[in-house]
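Structure first, then comments.
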Amino acid sequence: MENNENQIMERLETATSLLERALTLLQEHQSTGEVEKISATVEQSRREVELQEKLAGAEREIAELKAGAPQSALNPLRRTLPASTSEMLAKHGIAEGPVDVRALDAALAGLSLEQRIAVKSQLLRAGAIA
């Protein structure tokens, strides 16, 4: 019985000394103003989750639209040709779409240099020639 009491007393003394050390450490930290790293998790509200889902859906839709859109719709610099230019080219057998440079030069032979430059710049802006 005396053995058990001695063991209990030793354990109590050990626990007391550990508590005293812990108390001393806490007092030192409190006096120096050191703060341990604090971490927390934030729960998302239902509204935030809904908004994130809507954003993901909108991004998917934009990607699908970009993938399915014709190339000309993505080129904001593409413009249509003036009616007079289209008529002049049609008279010389040059249709809509990409223009053969040799046929274009033959069609523009009767124009002045300034007019040829103007027509070619219109075709460049319209994306008909590269």
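Labels used: A, B, ... for chains in the order of the structure tokens, numbers from 1 for residues in each chain, and numbers from 1 for ligands as shown.
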
*Which residues, written as a ChimeraX atom specification, have at least one atom at most 8 Å from region 98-108 of chain A, with only C-alpha atoms counted and residues fewer than 4 positions away on the same chain left out?*
/A:89,92,94,116,127-129

*Please, what distance in Å, to one decimal, runs between CA of Glu53 (chain A) and CA of Leu65 (chain A)?*
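Atom-to-atom, CA of Glu53 (chain A) to CA of Leu65 (chain A), that is 18.4 Å.
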
*Pairwise distance for CA of Ser84 (chain A) and CA of Ser121 (chain A), rounded to one decimal in Å*: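 Distance reported for this atom pair: 14.2 Å.
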
_I'd like the interatomic distance between CA of Glu114 (chain A) and CA of Thr85 (chain A), to a tenth of an Å._
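Value for the CA of Glu114 (chain A)-CA of Thr85 (chain A) distance: 14.0 Å.
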